[in-house]
$ cat target-v7.cif   # mmCIF, C-alpha atoms and all ligand atoms
data_input
loop_
_atom_site.label_atom_id
_atom_site.label_comp_id
_atom_site.auth_asym_id
_atom_site.auth_seq_id
_atom_site.Cartn_x
_atom_site.Cartn_y
_atom_site.Cartn_z
CA MET D 1 7.01 -83.29 -9.32
CA ASP D 2 9.53 -80.45 -9.08
CA MET D 3 8.67 -76.77 -8.70
CA LEU D 4 8.69 -76.06 -12.45
CA GLY D 5 6.48 -79.05 -13.14
CA LEU D 6 4.01 -77.95 -10.46
CA GLU D 7 3.89 -74.42 -11.86
CA LYS D 8 3.28 -75.76 -15.33
CA VAL D 9 0.39 -77.98 -14.26
CA LEU D 10 -1.14 -75.31 -12.02
CA THR D 11 -0.98 -72.49 -14.57
CA LYS D 12 -2.49 -74.78 -17.19
CA LYS D 13 -5.42 -75.83 -14.98
CA VAL D 14 -6.07 -72.34 -13.63
CA GLY D 15 -5.67 -70.80 -17.09
CA ARG D 16 -8.22 -73.28 -18.43
CA ALA D 17 -10.75 -72.32 -15.75
CA ILE D 18 -10.17 -68.59 -16.26
CA GLY D 19 -10.60 -68.93 -20.03
CA ARG D 20 -13.54 -71.29 -19.96
CA PHE D 21 -15.58 -69.25 -17.51
CA ARG D 22 -14.27 -65.78 -18.54
CA MET D 23 -13.24 -65.22 -14.94
CA ILE D 24 -10.75 -62.39 -15.52
CA ARG D 25 -11.20 -59.61 -18.12
CA PRO D 26 -9.06 -56.66 -19.25
CA GLY D 27 -8.63 -53.99 -16.59
CA ASP D 28 -9.83 -56.17 -13.70
CA ARG D 29 -8.44 -55.75 -10.22
CA VAL D 30 -8.57 -59.15 -8.55
CA ALA D 31 -8.62 -59.45 -4.76
CA VAL D 32 -7.54 -62.91 -3.57
CA ALA D 33 -9.23 -64.10 -0.38
CA LEU D 34 -6.38 -65.48 1.73
CA SER D 35 -7.66 -67.81 4.42
CA GLY D 36 -4.20 -68.69 5.72
CA GLY D 37 -4.36 -72.15 4.11
CA LYS D 38 -2.50 -73.88 1.28
CA ASP D 39 -5.24 -73.45 -1.32
CA SER D 40 -5.63 -69.67 -1.26
CA LEU D 41 -1.87 -69.10 -1.09
CA THR D 42 -1.38 -71.35 -4.10
CA LEU D 43 -4.12 -69.43 -5.89
CA LEU D 44 -2.36 -66.14 -5.20
CA GLU D 45 0.97 -67.45 -6.49
CA VAL D 46 -0.56 -68.90 -9.65
CA LEU D 47 -2.43 -65.68 -10.41
CA LEU D 48 0.83 -63.74 -9.94
CA LEU D 49 2.47 -66.04 -12.51
CA LEU D 50 -0.43 -65.60 -14.92
CA GLU D 51 -0.45 -61.84 -14.42
CA LYS D 52 3.04 -61.75 -15.94
CA ARG D 53 2.23 -64.09 -18.84
CA ALA D 54 -1.39 -63.34 -19.73
CA PRO D 55 -2.15 -61.36 -22.89
CA ILE D 56 -4.52 -59.10 -20.94
CA ASP D 57 -3.78 -56.50 -18.26
CA PHE D 58 -5.12 -57.10 -14.78
CA SER D 59 -3.82 -56.43 -11.28
CA ILE D 60 -3.82 -58.46 -8.08
CA CYS D 61 -4.20 -57.66 -4.40
CA ALA D 62 -5.14 -59.81 -1.41
CA PHE D 63 -7.04 -59.66 1.85
CA THR D 64 -7.65 -61.73 4.95
CA ILE D 65 -10.64 -61.54 7.24
CA GLU D 66 -9.73 -62.12 10.88
CA GLN D 67 -12.68 -63.82 12.58
CA GLY D 68 -10.77 -64.81 15.72
CA LYS D 69 -10.06 -68.39 14.59
CA PHE D 70 -6.41 -68.38 13.59
CA LEU D 71 -4.17 -70.62 15.69
CA ARG D 72 -0.90 -68.86 14.92
CA PRO D 73 0.16 -65.23 14.52
CA ILE D 74 -0.51 -63.79 11.08
CA GLU D 75 2.74 -61.79 10.99
CA PRO D 76 4.75 -64.26 8.86
CA LEU D 77 2.06 -63.93 6.20
CA ARG D 78 2.40 -60.16 6.25
CA ALA D 79 6.18 -60.43 5.79
CA TYR D 80 5.77 -62.96 2.97
CA LEU D 81 3.34 -60.74 1.07
CA GLN D 82 5.56 -57.72 1.52
CA ARG D 83 8.43 -59.68 -0.03
CA ARG D 84 6.13 -60.67 -2.91
CA GLY D 85 5.08 -57.02 -3.37
CA VAL D 86 1.37 -57.81 -2.94
CA GLU D 87 -0.95 -55.18 -1.48
CA TRP D 88 -2.78 -56.92 1.39
CA ALA D 89 -5.60 -55.81 3.68
CA TYR D 90 -5.92 -57.58 7.03
CA PHE D 91 -9.38 -56.89 8.36
CA HIS D 92 -10.50 -57.56 11.94
CA ASP D 93 -14.18 -58.33 11.75
CA ILE D 94 -15.52 -57.22 15.13
CA PRO D 95 -19.05 -58.69 14.64
CA SER D 96 -17.44 -62.13 14.10
CA PHE D 97 -15.63 -61.81 17.45
CA HIS D 98 -18.99 -61.03 19.10
CA LEU D 99 -20.47 -64.06 17.35
CA ILE D 100 -17.78 -66.35 18.76
CA ARG D 101 -18.33 -64.98 22.25
CA GLU D 102 -22.11 -65.04 22.18
CA GLN D 103 -22.75 -68.16 20.08
CA PRO D 104 -19.62 -70.34 20.31
CA GLU D 105 -21.45 -73.27 18.67
CA HIS D 106 -22.46 -71.28 15.58
CA GLY D 107 -22.25 -73.23 12.34
CA CYS D 108 -20.66 -72.52 8.99
CA ASP D 109 -23.74 -70.79 7.56
CA LEU D 110 -23.69 -68.00 10.11
CA CYS D 111 -19.92 -67.70 10.07
CA SER D 112 -19.87 -67.43 6.26
CA ARG D 113 -22.61 -64.81 6.28
CA TYR D 114 -20.55 -62.64 8.65
CA ARG D 115 -17.46 -63.16 6.53
CA ARG D 116 -19.25 -62.31 3.28
CA ARG D 117 -20.35 -58.93 4.62
CA ALA D 118 -16.80 -58.19 5.78
CA VAL D 119 -15.36 -59.33 2.42
CA TYR D 120 -17.42 -56.82 0.44
CA GLU D 121 -16.39 -54.05 2.80
CA VAL D 122 -12.66 -54.74 2.61
CA VAL D 123 -12.62 -55.41 -1.13
CA SER D 124 -14.32 -52.09 -1.82
CA GLY D 125 -11.49 -50.43 0.09
CA LEU D 126 -8.92 -52.20 -2.14
CA GLY D 127 -10.59 -50.87 -5.30
CA ALA D 128 -11.08 -54.41 -6.66
CA ASN D 129 -13.97 -55.55 -8.83
CA VAL D 130 -13.21 -59.30 -8.76
CA ILE D 131 -12.91 -61.55 -5.70
CA ALA D 132 -11.02 -64.84 -6.11
CA PHE D 133 -11.67 -67.70 -3.70
CA GLY D 134 -9.46 -70.75 -3.18
CA HIS D 135 -12.11 -73.48 -3.45
CA THR D 136 -10.54 -76.49 -5.12
CA ALA D 137 -11.69 -79.39 -7.28
CA ASP D 138 -12.06 -81.36 -4.04
CA ASP D 139 -14.44 -78.71 -2.68
CA PHE D 140 -16.52 -78.82 -5.88
CA CYS D 141 -16.72 -82.63 -5.80
CA GLU D 142 -17.55 -82.76 -2.11
CA ALA D 143 -20.21 -80.05 -2.47
CA PHE D 144 -21.72 -81.92 -5.40
CA LEU D 145 -22.04 -85.18 -3.47
CA ARG D 146 -23.19 -83.42 -0.32
CA ASN D 147 -25.95 -81.61 -2.20
CA ALA D 148 -27.03 -84.70 -4.13
CA LEU D 149 -26.99 -87.06 -1.15
CA PHE D 150 -28.12 -84.81 1.66
CA THR D 151 -30.15 -81.93 0.20
CA GLY D 152 -31.70 -83.51 -2.89
CA LYS D 153 -30.17 -81.06 -5.38
CA LEU D 154 -27.77 -81.49 -8.26
CA SER D 155 -25.40 -78.60 -7.69
CA ALA D 156 -21.87 -77.86 -6.52
CA LEU D 157 -20.39 -74.36 -6.22
CA PRO D 158 -20.57 -71.49 -8.72
CA ALA D 159 -17.32 -71.19 -10.70
CA VAL D 160 -18.38 -67.60 -11.44
CA THR D 161 -21.12 -65.58 -9.86
CA HIS D 162 -21.80 -61.97 -8.91
CA SER D 163 -22.58 -60.13 -5.71
CA ARG D 164 -26.25 -59.32 -5.37
CA ASP D 165 -25.75 -55.65 -6.27
CA GLY D 166 -23.60 -56.62 -9.27
CA GLN D 167 -20.58 -54.73 -7.94
CA PHE D 168 -18.26 -57.77 -7.70
CA ARG D 169 -17.56 -60.82 -9.83
CA LEU D 170 -16.81 -63.80 -7.58
CA ILE D 171 -14.54 -66.43 -9.11
CA ARG D 172 -13.12 -69.84 -8.12
CA PRO D 173 -10.11 -70.39 -10.40
CA LEU D 174 -8.95 -73.58 -8.61
CA VAL D 175 -12.01 -75.51 -9.81
CA TYR D 176 -9.80 -77.98 -11.75
CA VAL D 177 -6.98 -78.08 -9.16
CA THR D 178 -6.96 -80.90 -6.61
CA GLU D 179 -5.57 -80.46 -3.12
CA ASP D 180 -2.64 -82.82 -3.60
CA LEU D 181 -1.30 -80.12 -5.97
CA THR D 182 -1.93 -77.17 -3.65
CA GLN D 183 -0.33 -79.13 -0.80
CA ALA D 184 2.77 -79.89 -2.85
CA TYR D 185 3.03 -76.34 -4.18
CA ALA D 186 2.56 -74.59 -0.83
CA GLU D 187 5.30 -76.82 0.60
CA ALA D 188 7.60 -76.16 -2.35
CA VAL D 189 7.35 -72.35 -2.08
CA GLY D 190 7.58 -72.46 1.73
CA ALA D 191 4.32 -70.53 2.13
CA PRO D 192 3.69 -69.42 5.72
CA LEU D 193 0.44 -71.24 6.45
CA VAL D 194 -1.70 -69.98 9.32
CA PRO D 195 -4.10 -72.74 10.42
CA CYS D 196 -7.67 -72.07 11.43
CA GLY D 197 -8.75 -73.50 14.78
CA CYS D 198 -12.27 -74.07 13.69
CA ASN D 199 -13.53 -77.55 14.42
CA GLN D 200 -16.64 -77.29 12.24
CA LYS D 201 -14.64 -78.51 9.28
CA THR D 202 -14.61 -82.02 10.64
CA GLY D 203 -18.43 -82.26 10.69
CA THR D 204 -19.73 -85.78 10.21
CA VAL D 205 -21.11 -85.36 6.69
CA ARG D 206 -18.01 -83.64 5.39
CA ARG D 207 -15.78 -86.29 6.92
CA ALA D 208 -17.92 -89.12 5.53
CA ILE D 209 -17.71 -87.68 2.02
CA ARG D 210 -13.96 -87.13 2.26
CA ASP D 211 -13.53 -90.73 3.44
CA LEU D 212 -15.70 -91.99 0.61
CA PHE D 213 -13.57 -90.18 -1.97
CA ALA D 214 -10.36 -91.40 -0.33
CA ARG D 215 -11.57 -95.01 -0.52
CA LEU D 216 -12.71 -94.67 -4.13
CA GLU D 217 -9.52 -92.92 -5.22
CA ASN D 218 -7.45 -95.80 -3.88
CA GLU D 219 -8.89 -97.97 -6.61
CA TYR D 220 -10.03 -95.38 -9.18
CA PRO D 221 -7.66 -92.40 -9.06
CA ASN D 222 -9.61 -90.39 -11.66
CA VAL D 223 -12.99 -90.23 -9.93
CA LYS D 224 -12.71 -86.55 -9.07
CA GLN D 225 -11.64 -85.59 -12.59
CA ASN D 226 -14.53 -87.63 -13.95
CA LEU D 227 -16.99 -85.98 -11.59
CA LEU D 228 -15.73 -82.53 -12.64
CA SER D 229 -16.19 -83.50 -16.29
CA ALA D 230 -19.69 -84.72 -15.51
CA MET D 231 -20.55 -81.35 -13.99
CA GLY D 232 -19.74 -79.75 -17.34
CA ASN D 233 -21.49 -82.36 -19.45
CA LEU D 234 -25.16 -82.52 -18.50
CA GLN D 235 -27.58 -84.91 -20.12
CA LEU D 236 -30.70 -83.25 -18.90
CA GLU D 237 -33.08 -85.63 -20.67
CA ARG D 238 -31.74 -88.43 -18.47
CA LEU D 239 -32.49 -86.67 -15.23
CA LEU D 240 -35.84 -86.20 -13.54
CA ASP D 241 -36.62 -82.51 -13.80
CA PRO D 242 -39.73 -82.29 -16.04
CA GLN D 243 -38.87 -78.78 -17.18
CA TYR D 244 -35.99 -80.30 -19.18
CA LEU D 245 -37.89 -83.31 -20.53
CA ASP D 246 -39.65 -83.55 -23.85
CA LEU D 247 -42.86 -84.88 -22.30
CA ASP D 248 -44.98 -84.34 -25.43
CA GLY D 249 -42.51 -85.76 -27.92
CA ALA D 250 -42.13 -82.40 -29.64
CA ALA D 251 -38.51 -83.27 -30.47
CA GLY D 252 -39.60 -86.43 -32.30
CA ASP D 253 -38.64 -89.29 -29.99
CA ALA D 254 -39.10 -91.88 -32.75
CA SER D 255 -35.97 -90.60 -34.44
CA ARG D 256 -34.03 -90.80 -31.17
CA PRO D 257 -33.12 -94.48 -30.66
CA ASP D 258 -30.83 -93.41 -27.82
CA LEU D 259 -33.96 -92.69 -25.75
CA LEU D 260 -35.31 -96.23 -26.08
CA PRO D 261 -33.20 -97.82 -23.34
CA VAL D 262 -34.60 -95.22 -20.96
CA LEU D 263 -38.15 -96.15 -21.91
CA GLU D 264 -37.42 -99.82 -21.41
CA GLU D 265 -35.84 -99.50 -18.01
S1 LIG A 1 -15.25 -74.07 8.95
FE1 LIG A 1 -15.19 -72.63 10.66
S2 LIG A 1 -14.28 -70.79 9.78
FE2 LIG A 1 -15.00 -72.03 8.09
S3 LIG A 1 -17.08 -71.35 7.69
FE3 LIG A 1 -17.25 -73.06 9.07
S4 LIG A 1 -17.37 -72.10 11.08
FE4 LIG A 1 -16.51 -70.59 9.70
#
$ encode --input "target-v7.cif" --output "structure tokens" --more "lines below"
Ligand code: SF4
Amino acid sequence: MDMLGLEKVLTKKVGRAIGRFRMIRPGDRVAVALSGGKDSLTLLEVLLLLEKRAPIDFSICAFTIEQGKFLRPIEPLRAYLQRRGVEWAYFHDIPSFHLIREQPEHGCDLCSRYRRRAVYEVVSGLGANVIAFGHTADDFCEAFLRNALFTGKLSALPAVTHSRDGQFRLIRPLVYVTEDLTQAYAEAVGAPLVPCGCNQKTGTVRRAIRDLFARLENEYPNVKQNLLSAMGNLQLERLLDPQYLDLDGAAGDASRPDLLPVLEE
């Protein structure tokens, strides 16, 4: 797909997510969390395109939290954002550096908690009320399977949520965008990617789930799209949470032949 084709697909998918979940509203100032990877840079570029075309007014800025894990200098990113005219805050999170020194084997939970605190601090300074993260359709699908298979919950990631004090709306506009698209787009625009040296990402469970998807997609290329559709199309009466079941027949089961196969199984 050429650059124009990629932009068309990406703006359509991101626009759909923004509209469906009311992610961006008039007057918002959206701070994009740039991790140095292909996904968040693609997100920034797509939001910049939508900013020009959208019927509502909103503004965009960006930030990066330095936790001591980047493998390459961040300077090319600074130059790139200057050329793009994007206000960017680059925040050294000192407590994260202490964490690396004192607990080098820390896991993602602790690392994310440190980052979250730093994010709220830096975003306040940028005057933003919305924080946009670059989690993709792949992240949603992997989180869904991980939660179902390893924690016994049916859940993925929140497409929209709010900080505990209600100050910030947290959004994930790439929910319908798969990583083959972000990869192709980041390459096409020549985005200066700054890799993270963290080895936690290759944890066994995560790798197993990625491998499982890769094997399935070889034969059934739409499995991720189908899983995303399933997440937005719940049939609660066919799951096992009693709070959603009509245990006393108040809804009149006799008139619901579609329930019979369930009873017979
Ligand atoms: S993958 Fe690394 S940088 Fe990302 S949350 Fe986990 S520990 Fe932190």
$ residues_near_ligand --input "target-v7.cif" --ligand "ligand LIG 1 (chain A)" --cutoff "8 Å" --atoms "all atoms listed in the file" --output "MDAnalysis selection string"
chainID D and resid 67 69 106:112 196:201
$ closest_atom_pairs --input "target-v7.cif" --of "range 174-219 of chain D" --to "range 6-22 of chain D" --cutoff "10 Å" --atoms "only C-alpha atoms" --output "JSON lines"
{"residue": "D:Leu174", "atom": "CA", "partner": "D:Val14", "partner_atom": "CA", "distance": 5.9}
{"residue": "D:Val175", "atom": "CA", "partner": "D:Ala17", "partner_atom": "CA", "distance": 6.9}
{"residue": "D:Tyr176", "atom": "CA", "partner": "D:Lys13", "partner_atom": "CA", "distance": 5.9}
{"residue": "D:Val177", "atom": "CA", "partner": "D:Lys13", "partner_atom": "CA", "distance": 6.4}
{"residue": "D:Thr178", "atom": "CA", "partner": "D:Leu10", "partner_atom": "CA", "distance": 9.7}
{"residue": "D:Leu181", "atom": "CA", "partner": "D:Leu6", "partner_atom": "CA", "distance": 7.3}
{"residue": "D:Thr182", "atom": "CA", "partner": "D:Leu10", "partner_atom": "CA", "distance": 8.6}
{"residue": "D:Ala184", "atom": "CA", "partner": "D:Leu6", "partner_atom": "CA", "distance": 8.0}
{"residue": "D:Tyr185", "atom": "CA", "partner": "D:Leu6", "partner_atom": "CA", "distance": 6.6}
{"residue": "D:Ala188", "atom": "CA", "partner": "D:Leu6", "partner_atom": "CA", "distance": 9.0}
$ residues_around --input "target-v7.cif" --residues "Phe168 in chain D" --least-positions-apart "2" --cutoff "10 Å" --atoms "all atoms listed in the file" --output "number ranges by chain"
D: 30, 120, 123-124, 128-131, 161-166, 170-171
$ write_last_selection --input "target-v7.cif" --atoms "C-alpha atoms" --output "tab-separated table (two decimals), in the frame of the given file"
chain	number	residue	atom	x	y	z
D	30	VAL	CA	-8.57	-59.15	-8.55
D	120	TYR	CA	-17.42	-56.82	0.44
D	123	VAL	CA	-12.62	-55.41	-1.13
D	124	SER	CA	-14.32	-52.09	-1.82
D	128	ALA	CA	-11.08	-54.41	-6.66
D	129	ASN	CA	-13.97	-55.55	-8.83
D	130	VAL	CA	-13.21	-59.30	-8.76
D	131	ILE	CA	-12.91	-61.55	-5.70
D	161	THR	CA	-21.12	-65.58	-9.86
D	162	HIS	CA	-21.80	-61.97	-8.91
D	163	SER	CA	-22.58	-60.13	-5.71
D	164	ARG	CA	-26.25	-59.32	-5.37
D	165	ASP	CA	-25.75	-55.65	-6.27
D	166	GLY	CA	-23.60	-56.62	-9.27
D	170	LEU	CA	-16.81	-63.80	-7.58
D	171	ILE	CA	-14.54	-66.43	-9.11
$ residues_around --input "target-v7.cif" --residues "Gly190 in chain D" --least-positions-apart "3" --cutoff "12 Å" --atoms "all atoms listed in the file" --output "list in words"
Met3, Lys38, Leu41, Thr42, Glu45, Pro76, Leu77, Tyr80, Thr182, Gln183, Ala184, Tyr185, Ala186, Glu187 and Leu193 of chain D
$ closest_residue --input "target-v7.cif" --among "D:Gln225, D:Gln167, D:Gln103, D:Ser59" --to "Arg29 in chain D" --atoms "all atoms listed in the file"
D:Ser59
$ residues_around --input "target-v7.cif" --residues "Arg25 in chain D" --least-positions-apart "3" --cutoff "8 Å" --atoms "all atoms listed in the file" --output "ChimeraX atom specification"
/D:22,28,56,58
$ atom_distance --input "target-v7.cif" --atom1 "CA of Phe133 in chain D" --atom2 "CA of Arg117 in chain D"
14.9 Å
$ closest_residue --input "target-v7.cif" --among "D:Ala137, D:Pro192, D:Phe150, D:Leu240" --to "Leu227 in chain D" --atoms "all atoms listed in the file"
D:Ala137
$ closest_residue --input "target-v7.cif" --among "D:Lys224, D:Leu71, D:Pro158, D:Ala33" --to "Asp138 in chain D" --atoms "all atoms listed in the file"
D:Lys224
$ closest_residue --input "target-v7.cif" --among "D:Leu234, D:Arg115, D:Ala62, D:Ala191" --to "Val86 in chain D" --atoms "all atoms listed in the file"
D:Ala62
$ atom_distance --input "target-v7.cif" --atom1 "CA of Asn233 in chain D" --atom2 "CA of Arg215 in chain D"
24.8 Å
$ closest_residue --input "target-v7.cif" --among "D:Glu179, D:Arg206, D:Phe70, D:Leu236" --to "Ala143 in chain D" --atoms "only C-alpha atoms"
D:Arg206
$ atom_distance --input "target-v7.cif" --atom1 "CA of Asp2 in chain D" --atom2 "CA of Val223 in chain D"
24.6 Å
$ residues_around --input "target-v7.cif" --residues "Leu34 in chain D" --least-positions-apart "3" --cutoff "6 Å" --atoms "all atoms listed in the file" --output "VMD selection string"
chain D and resid 40 63 to 64
$ residues_near_point --input "target-v7.cif" --point "(-20.3, -88.1, -11.5)" --cutoff "9 Å" --atoms "all atoms listed in the file" --output "number ranges by chain"
D: 141, 144-145, 223-224, 226-231
$ closest_residue --input "target-v7.cif" --among "D:Ser35, D:Asn147, D:Gln243, D:Ser155" --to "Ile209 in chain D" --atoms "all atoms listed in the file"
D:Asn147
$ axis_aligned_box --input "target-v7.cif" --around "range 94-98 of chain D" --padding-each-side "8 Å" --output "lines of an AutoDock Vina configuration file"
center_x = -17.3
center_y = -59.7
center_z = 16.6
size_x = 19.5
size_y = 20.9
size_z = 21.0
$ residues_around --input "target-v7.cif" --residues "Glu66 in chain D" --least-positions-apart "2" --cutoff "6 Å" --atoms "all atoms listed in the file" --output "PyMOL selection string"
chain D and resi 68+91-93
$ build_atoms --input "target-v7.cif" --residues "range 219-232 of chain D" --atoms "N, CA and C atoms" --output "compact mmCIF listing (two decimals), in the coordinates of the input"
# COMPACT_ATOMS: atom_id res chain seq x y z
N GLU D 219 -8.72 -97.02 -5.51
CA GLU D 219 -8.89 -97.97 -6.61
C GLU D 219 -9.06 -97.27 -7.96
N TYR D 220 -9.73 -96.10 -7.93
CA TYR D 220 -10.03 -95.38 -9.18
C TYR D 220 -9.51 -93.95 -9.05
N PRO D 221 -8.25 -93.71 -9.36
CA PRO D 221 -7.66 -92.40 -9.06
C PRO D 221 -8.29 -91.23 -9.82
N ASN D 222 -9.07 -91.51 -10.87
CA ASN D 222 -9.61 -90.39 -11.66
C ASN D 222 -11.03 -89.99 -11.29
N VAL D 223 -11.56 -90.50 -10.18
CA VAL D 223 -12.99 -90.23 -9.93
C VAL D 223 -13.30 -88.74 -9.81
N LYS D 224 -12.40 -87.98 -9.21
CA LYS D 224 -12.71 -86.55 -9.07
C LYS D 224 -12.68 -85.86 -10.44
N GLN D 225 -11.69 -86.20 -11.25
CA GLN D 225 -11.64 -85.59 -12.59
C GLN D 225 -12.89 -85.96 -13.37
N ASN D 226 -13.33 -87.21 -13.23
CA ASN D 226 -14.53 -87.63 -13.95
C ASN D 226 -15.76 -86.89 -13.46
N LEU D 227 -15.84 -86.69 -12.15
CA LEU D 227 -16.99 -85.98 -11.59
C LEU D 227 -17.00 -84.52 -12.07
N LEU D 228 -15.81 -83.91 -12.13
CA LEU D 228 -15.73 -82.53 -12.64
C LEU D 228 -16.17 -82.47 -14.10
N SER D 229 -15.75 -83.46 -14.89
CA SER D 229 -16.19 -83.50 -16.29
C SER D 229 -17.69 -83.66 -16.36
N ALA D 230 -18.23 -84.50 -15.50
CA ALA D 230 -19.69 -84.72 -15.51
C ALA D 230 -20.44 -83.43 -15.21
N MET D 231 -19.87 -82.61 -14.33
CA MET D 231 -20.55 -81.35 -13.99
C MET D 231 -20.62 -80.40 -15.18
N GLY D 232 -19.73 -80.61 -16.15
CA GLY D 232 -19.74 -79.75 -17.34
C GLY D 232 -20.32 -80.45 -18.55
